[in-house]
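What follows is a set of notes on a single structure, which appears directly below.
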Amino acid sequence: MDFDFYLSTMWSVLKALPLTLEIWFFGIAFGLVIATGLTWLRASGYKSGEYFTRAYVFIFRGSPLLVQLYLIYFGLSQFDFVRHSPILWPILRDPMYCTIVAMALNTAAYESEIFRGALRAVPVGQIEAAKAFGMSAFTRFRIVTLPIALRLALPAYSTEIILMTKATALASVVTIMEMMGTAQKIQHDTFRPIEVLTCAGVIYLLLNLSIARLFAWVEYALSPHLRPAPDRSQQIKPVPEVL
Amino acid sequence: MSASPAAAANAEPSPDAMAAISVKDMRKCFGDHEVLKGISLEAHKGDVISILGSSGSGKSTLLRCINLLETPDSGEVRVGGELIRMKQGQGGHQTPADIRQVERIRADLAMVFQSFNLWSHMTVLENLVAAPVHVQKRPRAECLEQAEALLKRVGIWERRNYYPPHMSGGQQQRAAIARALAMNPKVMLFDEPTSALDPELVGEVLRVMRSLAEEGRTMLVVTHEMGFARDVSSKVMFLHKGEVDSLGEPKEMFARPPTQQFKQFITNFNK
């Protein structure tokens, strides 16, 4: 085993971690915004809103992210109006922005389905109680529906975030030198695929491990009511008021 | 204002004389099935009205139509003399004209549910202060103080920091009653409060309800507890197939059932 080579590869790939995290962060952040909009559209009760979200989910969940990324990066620039648009062109000529757009659009489809399921799983009786105590629709949503739905959505949402971490590797196909792009370059230069890809794989594993642990901790902290009952003597801390 | 009480009474009925709740000719259909066929009901301050009936007689629906958890097809509901305004909606069904009014009135009509419906992500104490703080906009500290006093009263103060799933059914229902009391409601609506409880837990909930009746609270109680209906309530209303079959003093009703239906109903229960 060539430890020096492993170490230097690790270091080179790690230097690309900030870029990976940047794609990841903005992808899920914009994705969350779009997903919230889609969920709201679908829950709003307008037929047109429902059809739109269903079509959206059908397209973005049904086709590979790679196809979407290629279409956005290589495909959209074929249109004149895109190249001449002062808003679209600065975004769509940049591979970084294209990756973020593709990831956000893609994850939004999955997340809106996760949120829809979570909203529907909120026990009707608890919403009814909120109504019966005079809460307005907004208060009801803020105090009862949303906190319960968020907790229900968390496990599936964390899985989606982990899938997104891995999806950042696709950025390498549109010339971004994030971790996967960097690893591929080293591999091409050295012809040592096993060492290089192992290094990249290990870093992705550790990254996802921390993300999974973080979500597990949040889930644990927010769900004392789903844990076994405490001993009579032991007091349990209430959940902070924010959630 | 220096008007004498007598003069005031002549001009306007005082709030005490006005019915706390009055329901006139309420009708409700679910599809083709007519659940309520024109029910009228009047509850004055301090009345405890037990609403009895076999399953499907419409008693729960009646209660849920009063606080608009179900929208009645026709008829009027007045709370403390105030009419809940309705308007014709799409498809010929009426809907509340002013949802703010409905919300304000609901806050005066605290409800206790068969399946408790405590908010499971909040501790008992948080359950008690949520609506007073967010609906009635009362200061949190004051609400917490009142909540602790109420929990002591229903005997679960030790469990104030527990989450509902960690308590027995009886404790949860007592917490739900305390949550209703925390609103300082004008009328309390009980929708089969003991039907989801194990038999040995029914007693602790009924004791709390009995003490509420004794302190003069106005209560509408949909129940299968014949003992409570006979001994605690001031009036018994018996619904049969969506109509008021009989209505009267509990002692009188149970001693001499006014109708064949009611007689049969209580005989079945005593078996």
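Starting from 1 in every chain, residues are counted up; chains themselves are A, B, ... following the order of the structure tokens, and ligands are numbered from 1 as listed.
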Test item: chain B residues at most 6 Å from chain A, counting only C-alpha atoms, as an mmCIF file with C-alpha atoms, in the first residue's frame:
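Done, and the output landed in selection01.cif:
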```
data_model
loop_
_atom_site.group_PDB
_atom_site.id
_atom_site.type_symbol
_atom_site.label_atom_id
_atom_site.label_comp_id
_atom_site.auth_asym_id
_atom_site.auth_seq_id
_atom_site.Cartn_x
_atom_site.Cartn_y
_atom_site.Cartn_z
ATOM 1 C CA GLU B 103 -63.582 31.102 15.595
ATOM 2 C CA ARG B 106 -65.670 28.275 19.194
ATOM 3 C CA ALA B 107 -63.237 29.709 21.736
ATOM 4 C CA ASN B 117 -57.258 14.694 20.674
ATOM 5 C CA TRP B 119 -51.759 17.654 20.699
ATOM 6 C CA VAL B 135 -56.308 32.382 20.462
ATOM 7 C CA TYR B 163 -46.472 13.981 26.640
ATOM 8 C CA HIS B 166 -47.158 8.602 27.974
#
```
(message) If we count only C-alpha atoms and set the cut-off at 9 Å, which residues sit around Leu105 in chain A, ignoring sequence neighbours fewer than 2 positions away in its own chain? Please answer as a VMD selection string.
(response) chain A and resid 27 30 to 31 34 to 35 60 100 to 103 107 to 109
For the residues in that selection, give me all heavy atoms as an mmCIF file, in the first residue's frame.
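And here's part28.cif as it stands now:
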```
data_model
loop_
_atom_site.group_PDB
_atom_site.id
_atom_site.type_symbol
_atom_site.label_atom_id
_atom_site.label_comp_id
_atom_site.auth_asym_id
_atom_site.auth_seq_id
_atom_site.Cartn_x
_atom_site.Cartn_y
_atom_site.Cartn_z
ATOM 1 N N GLY A 27 -28.379 23.609 -3.666
ATOM 2 C CA GLY A 27 -29.336 22.692 -4.290
ATOM 3 C C GLY A 27 -30.484 22.376 -3.355
ATOM 4 O O GLY A 27 -31.656 22.502 -3.728
ATOM 5 N N PHE A 30 -32.624 25.806 -2.399
ATOM 6 C CA PHE A 30 -33.604 26.206 -3.418
ATOM 7 C C PHE A 30 -34.648 25.116 -3.607
ATOM 8 O O PHE A 30 -35.823 25.395 -3.836
ATOM 9 C CB PHE A 30 -32.899 26.538 -4.734
ATOM 10 C CG PHE A 30 -32.102 27.809 -4.679
ATOM 11 C CD1 PHE A 30 -30.744 27.824 -4.960
ATOM 12 C CD2 PHE A 30 -32.712 29.002 -4.314
ATOM 13 C CE1 PHE A 30 -30.001 28.995 -4.896
ATOM 14 C CE2 PHE A 30 -31.983 30.179 -4.245
ATOM 15 C CZ PHE A 30 -30.624 30.177 -4.529
ATOM 16 N N GLY A 31 -34.198 23.862 -3.517
ATOM 17 C CA GLY A 31 -35.131 22.741 -3.642
ATOM 18 C C GLY A 31 -36.229 22.822 -2.596
ATOM 19 O O GLY A 31 -37.407 22.604 -2.887
ATOM 20 N N ILE A 34 -38.738 25.515 -3.554
ATOM 21 C CA ILE A 34 -39.640 25.070 -4.628
ATOM 22 C C ILE A 34 -40.614 24.017 -4.093
ATOM 23 O O ILE A 34 -41.813 24.055 -4.373
ATOM 24 C CB ILE A 34 -38.837 24.498 -5.816
ATOM 25 C CG1 ILE A 34 -37.861 25.568 -6.354
ATOM 26 C CG2 ILE A 34 -39.763 24.031 -6.924
ATOM 27 C CD1 ILE A 34 -36.875 25.034 -7.372
ATOM 28 N N ALA A 35 -40.081 23.094 -3.284
ATOM 29 C CA ALA A 35 -40.933 22.026 -2.748
ATOM 30 C C ALA A 35 -42.052 22.605 -1.887
ATOM 31 O O ALA A 35 -43.197 22.155 -1.935
ATOM 32 C CB ALA A 35 -40.101 21.040 -1.934
ATOM 33 N N PHE A 60 -40.032 15.346 -13.156
ATOM 34 C CA PHE A 60 -38.742 15.442 -12.471
ATOM 35 C C PHE A 60 -38.418 14.221 -11.616
ATOM 36 O O PHE A 60 -37.267 13.968 -11.308
ATOM 37 C CB PHE A 60 -38.675 16.718 -11.633
ATOM 38 C CG PHE A 60 -38.446 17.937 -12.486
ATOM 39 C CD1 PHE A 60 -39.510 18.718 -12.907
ATOM 40 C CD2 PHE A 60 -37.168 18.283 -12.889
ATOM 41 C CE1 PHE A 60 -39.304 19.820 -13.712
ATOM 42 C CE2 PHE A 60 -36.951 19.389 -13.698
ATOM 43 C CZ PHE A 60 -38.024 20.163 -14.114
ATOM 44 N N ILE A 100 -26.875 23.435 -9.796
ATOM 45 C CA ILE A 100 -27.735 23.785 -8.656
ATOM 46 C C ILE A 100 -29.195 23.821 -9.096
ATOM 47 O O ILE A 100 -30.079 23.292 -8.404
ATOM 48 C CB ILE A 100 -27.288 25.134 -8.057
ATOM 49 C CG1 ILE A 100 -25.936 24.948 -7.358
ATOM 50 C CG2 ILE A 100 -28.326 25.647 -7.078
ATOM 51 C CD1 ILE A 100 -25.299 26.237 -6.886
ATOM 52 N N VAL A 101 -29.467 24.396 -10.252
ATOM 53 C CA VAL A 101 -30.848 24.464 -10.751
ATOM 54 C C VAL A 101 -31.400 23.055 -10.957
ATOM 55 O O VAL A 101 -32.512 22.725 -10.510
ATOM 56 C CB VAL A 101 -30.906 25.268 -12.077
ATOM 57 C CG1 VAL A 101 -32.264 25.071 -12.755
ATOM 58 C CG2 VAL A 101 -30.660 26.740 -11.816
ATOM 59 N N ALA A 102 -30.598 22.185 -11.610
ATOM 60 C CA ALA A 102 -31.071 20.823 -11.872
ATOM 61 C C ALA A 102 -31.358 20.082 -10.571
ATOM 62 O O ALA A 102 -32.391 19.429 -10.418
ATOM 63 C CB ALA A 102 -30.035 20.064 -12.693
ATOM 64 N N MET A 103 -30.436 20.221 -9.603
ATOM 65 C CA MET A 103 -30.637 19.526 -8.323
ATOM 66 C C MET A 103 -31.853 20.052 -7.586
ATOM 67 O O MET A 103 -32.624 19.294 -7.007
ATOM 68 C CB MET A 103 -29.387 19.673 -7.454
ATOM 69 C CG MET A 103 -28.281 18.731 -7.904
ATOM 70 S SD MET A 103 -26.883 18.700 -6.785
ATOM 71 C CE MET A 103 -27.640 18.657 -5.197
ATOM 72 N N THR A 107 -34.896 17.630 -6.671
ATOM 73 C CA THR A 107 -35.210 17.267 -5.275
ATOM 74 C C THR A 107 -36.559 17.829 -4.864
ATOM 75 O O THR A 107 -37.264 17.237 -4.042
ATOM 76 C CB THR A 107 -34.091 17.741 -4.322
ATOM 77 O OG1 THR A 107 -34.290 17.114 -3.066
ATOM 78 C CG2 THR A 107 -34.081 19.233 -4.146
ATOM 79 N N ALA A 108 -36.953 18.950 -5.453
ATOM 80 C CA ALA A 108 -38.253 19.539 -5.106
ATOM 81 C C ALA A 108 -39.386 18.569 -5.397
ATOM 82 O O ALA A 108 -40.368 18.503 -4.652
ATOM 83 C CB ALA A 108 -38.453 20.845 -5.866
ATOM 84 N N ALA A 109 -39.253 17.792 -6.493
ATOM 85 C CA ALA A 109 -40.294 16.838 -6.840
ATOM 86 C C ALA A 109 -40.447 15.784 -5.745
ATOM 87 O O ALA A 109 -41.552 15.501 -5.278
ATOM 88 C CB ALA A 109 -39.971 16.170 -8.176
#
```
(request) Write down as JSON, numbers by chain the residues belonging to range 28-270 of chain B that are assigned alpha helix (DSSP H) by DSSP computed on the backbone. (result) {"B": [59, 60, 61, 62, 63, 64, 65, 66, 99, 100, 101, 102, 103, 104, 105, 106, 107, 108, 124, 125, 126, 127, 128, 129, 130, 131, 132, 133, 134, 140, 141, 142, 143, 144, 145, 146, 147, 148, 149, 150, 151, 152, 153, 169, 170, 171, 172, 173, 174, 175, 176, 177, 178, 179, 180, 181, 199, 200, 201, 202, 203, 204, 205, 206, 207, 208, 209, 210, 211, 212, 213, 214, 226, 227, 228, 229, 230, 231, 250, 251, 252, 253, 254, 255, 260, 261, 262, 263, 264, 265, 266, 267, 268, 269, 270]}
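Note that CA of Leu68 in chain B and CA of Ile99 in chain B are 10.0 Å apart.
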Counting only C-alpha atoms, what is within 12 Å of Lys185 in chain A, bar same-chain residues fewer than 5 positions away, as a PDB file with C-alpha atoms, in the first residue's frame?
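This went into out14.pdb:
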```
ATOM      1  CA  THR A   9      -5.157  11.931  -2.983  1.00  0.00           C
ATOM      2  CA  SER A  12      -6.564  16.773  -3.068  1.00  0.00           C
ATOM      3  CA  VAL A  13     -10.117  15.441  -3.005  1.00  0.00           C
ATOM      4  CA  ALA A  16     -12.763  20.062  -3.389  1.00  0.00           C
ATOM      5  CA  SER A 172     -18.365  16.482 -12.586  1.00  0.00           C
ATOM      6  CA  VAL A 173     -19.937  15.696 -15.973  1.00  0.00           C
ATOM      7  CA  THR A 175     -16.873  20.332 -15.905  1.00  0.00           C
ATOM      8  CA  ILE A 176     -17.204  21.199 -12.222  1.00  0.00           C
ATOM      9  CA  MET A 177     -14.144  20.150 -10.283  1.00  0.00           C
ATOM     10  CA  GLU A 178     -15.898  19.181  -7.091  1.00  0.00           C
ATOM     11  CA  MET A 179     -14.824  16.020  -5.254  1.00  0.00           C
ATOM     12  CA  MET A 180     -15.814  13.567  -7.983  1.00  0.00           C
ATOM     13  CA  THR A 190      -2.197   8.418 -12.471  1.00  0.00           C
ATOM     14  CA  PHE A 191      -4.173   5.423 -13.801  1.00  0.00           C
ATOM     15  CA  ARG A 192      -4.778   4.279 -10.226  1.00  0.00           C
ATOM     16  CA  PRO A 193      -8.589   4.021 -10.117  1.00  0.00           C
ATOM     17  CA  VAL A 196      -8.464   7.338  -6.041  1.00  0.00           C
ATOM     18  CA  LEU A 197     -12.060   6.172  -6.108  1.00  0.00           C
ATOM     19  CA  ALA A 200     -13.526   9.704  -2.866  1.00  0.00           C
TER      20      ALA A 200
END
```
(request) Would you mind listing what lies within 9 Å of Ala196 in chain B as a PyMOL selection string, with only C-alpha atoms counted and same-chain residues fewer than 6 positions away left out? (result) chain B and resi 114-116+169
For those residues, write C-alpha atoms to a file as a short mmCIF file (atom, residue, chain, number, x, y, z; two decimals), in the first residue's frame.
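Written output follows (part_4.cif):
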```
data_model
loop_
_atom_site.label_atom_id
_atom_site.label_comp_id
_atom_site.auth_asym_id
_atom_site.auth_seq_id
_atom_site.Cartn_x
_atom_site.Cartn_y
_atom_site.Cartn_z
CA GLN B 114 -64.07 10.93 22.67
CA SER B 115 -60.48 10.23 21.63
CA PHE B 116 -59.03 13.14 23.69
CA GLY B 169 -56.59 7.21 28.75
#
```
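Here CA of Lys186 in chain B and CA of Gly46 in chain B stand 9.7 Å from one another.
If you count only C-alpha atoms and ignore residues fewer than 3 places along the chain from Pro132 in chain B, what sits within 9 Å of it is Phe133 of chain A; Ala107, Leu128, Val129, Val135, Gln136, Lys137, Arg138, Pro139, Arg140, Cys143, Ala182, Met183 and Asn184 of chain B.
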Please, could you write that set of residues out with N, CA, C and O atoms as a PDB file, in the first residue's frame?
```
ATOM      1  N   PHE A 133     -60.979  24.796  19.347  1.00  0.00           N
ATOM      2  CA  PHE A 133     -60.529  25.774  20.341  1.00  0.00           C
ATOM      3  C   PHE A 133     -60.387  27.162  19.733  1.00  0.00           C
ATOM      4  O   PHE A 133     -59.784  28.049  20.337  1.00  0.00           O
TER       5      PHE A 133
ATOM      6  N   ALA B 107     -64.104  29.520  20.572  1.00  0.00           N
ATOM      7  CA  ALA B 107     -63.237  29.709  21.736  1.00  0.00           C
ATOM      8  C   ALA B 107     -64.059  29.777  23.025  1.00  0.00           C
ATOM      9  O   ALA B 107     -63.540  29.510  24.108  1.00  0.00           O
ATOM     10  N   LEU B 128     -52.335  22.886  27.537  1.00  0.00           N
ATOM     11  CA  LEU B 128     -53.276  23.739  28.267  1.00  0.00           C
ATOM     12  C   LEU B 128     -53.112  25.219  27.938  1.00  0.00           C
ATOM     13  O   LEU B 128     -54.081  25.969  27.980  1.00  0.00           O
ATOM     14  N   VAL B 129     -51.890  25.640  27.629  1.00  0.00           N
ATOM     15  CA  VAL B 129     -51.701  27.075  27.390  1.00  0.00           C
ATOM     16  C   VAL B 129     -51.772  27.453  25.905  1.00  0.00           C
ATOM     17  O   VAL B 129     -51.905  28.630  25.581  1.00  0.00           O
ATOM     18  N   VAL B 135     -54.972  31.971  20.915  1.00  0.00           N
ATOM     19  CA  VAL B 135     -56.308  32.382  20.462  1.00  0.00           C
ATOM     20  C   VAL B 135     -56.809  33.563  21.284  1.00  0.00           C
ATOM     21  O   VAL B 135     -57.246  34.570  20.748  1.00  0.00           O
ATOM     22  N   GLN B 136     -56.725  33.429  22.599  1.00  0.00           N
ATOM     23  CA  GLN B 136     -57.254  34.499  23.456  1.00  0.00           C
ATOM     24  C   GLN B 136     -56.228  35.593  23.728  1.00  0.00           C
ATOM     25  O   GLN B 136     -56.556  36.599  24.337  1.00  0.00           O
ATOM     26  N   LYS B 137     -54.984  35.352  23.289  1.00  0.00           N
ATOM     27  CA  LYS B 137     -53.911  36.349  23.415  1.00  0.00           C
ATOM     28  C   LYS B 137     -53.690  36.781  24.866  1.00  0.00           C
ATOM     29  O   LYS B 137     -53.424  37.943  25.150  1.00  0.00           O
ATOM     30  N   ARG B 138     -53.855  35.836  25.781  1.00  0.00           N
ATOM     31  CA  ARG B 138     -53.593  36.168  27.188  1.00  0.00           C
ATOM     32  C   ARG B 138     -52.107  35.975  27.470  1.00  0.00           C
ATOM     33  O   ARG B 138     -51.437  35.193  26.789  1.00  0.00           O
ATOM     34  N   PRO B 139     -51.590  36.678  28.486  1.00  0.00           N
ATOM     35  CA  PRO B 139     -50.154  36.551  28.791  1.00  0.00           C
ATOM     36  C   PRO B 139     -49.802  35.113  29.192  1.00  0.00           C
ATOM     37  O   PRO B 139     -50.542  34.459  29.928  1.00  0.00           O
ATOM     38  N   ARG B 140     -48.655  34.657  28.699  1.00  0.00           N
ATOM     39  CA  ARG B 140     -48.253  33.274  28.897  1.00  0.00           C
ATOM     40  C   ARG B 140     -48.118  32.911  30.377  1.00  0.00           C
ATOM     41  O   ARG B 140     -48.531  31.819  30.798  1.00  0.00           O
ATOM     42  N   CYS B 143     -51.410  32.274  31.933  1.00  0.00           N
ATOM     43  CA  CYS B 143     -51.985  31.018  31.449  1.00  0.00           C
ATOM     44  C   CYS B 143     -51.320  29.812  32.110  1.00  0.00           C
ATOM     45  O   CYS B 143     -51.980  28.837  32.461  1.00  0.00           O
ATOM     46  N   ALA B 182     -59.263  25.685  30.575  1.00  0.00           N
ATOM     47  CA  ALA B 182     -58.291  26.778  30.476  1.00  0.00           C
ATOM     48  C   ALA B 182     -58.787  27.907  29.582  1.00  0.00           C
ATOM     49  O   ALA B 182     -58.276  29.018  29.629  1.00  0.00           O
ATOM     50  N   MET B 183     -59.790  27.624  28.755  1.00  0.00           N
ATOM     51  CA  MET B 183     -60.345  28.663  27.881  1.00  0.00           C
ATOM     52  C   MET B 183     -61.381  29.513  28.618  1.00  0.00           C
ATOM     53  O   MET B 183     -61.954  30.427  28.025  1.00  0.00           O
ATOM     54  N   ASN B 184     -61.668  29.200  29.873  1.00  0.00           N
ATOM     55  CA  ASN B 184     -62.775  29.833  30.599  1.00  0.00           C
ATOM     56  C   ASN B 184     -64.040  29.831  29.737  1.00  0.00           C
ATOM     57  O   ASN B 184     -64.628  30.885  29.475  1.00  0.00           O
TER      58      ASN B 184
END
```
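The two atoms in question, CA of Arg210 in chain B and CA of Trp157 in chain B, are spaced 19.3 Å apart.
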(request) Excluding Lys241 in chain B and any residue of its chain fewer than 3 positions from it, enumerate the residues within 9 Å of it, using only C-alpha atoms, and give them as a list of chain:residue names. (result) B:Glu34, B:Val35, B:Leu36, B:Lys37, B:Gly53, B:Ser54, B:Gly56, B:Ser57, B:Gly58, B:Val244, B:Asp245
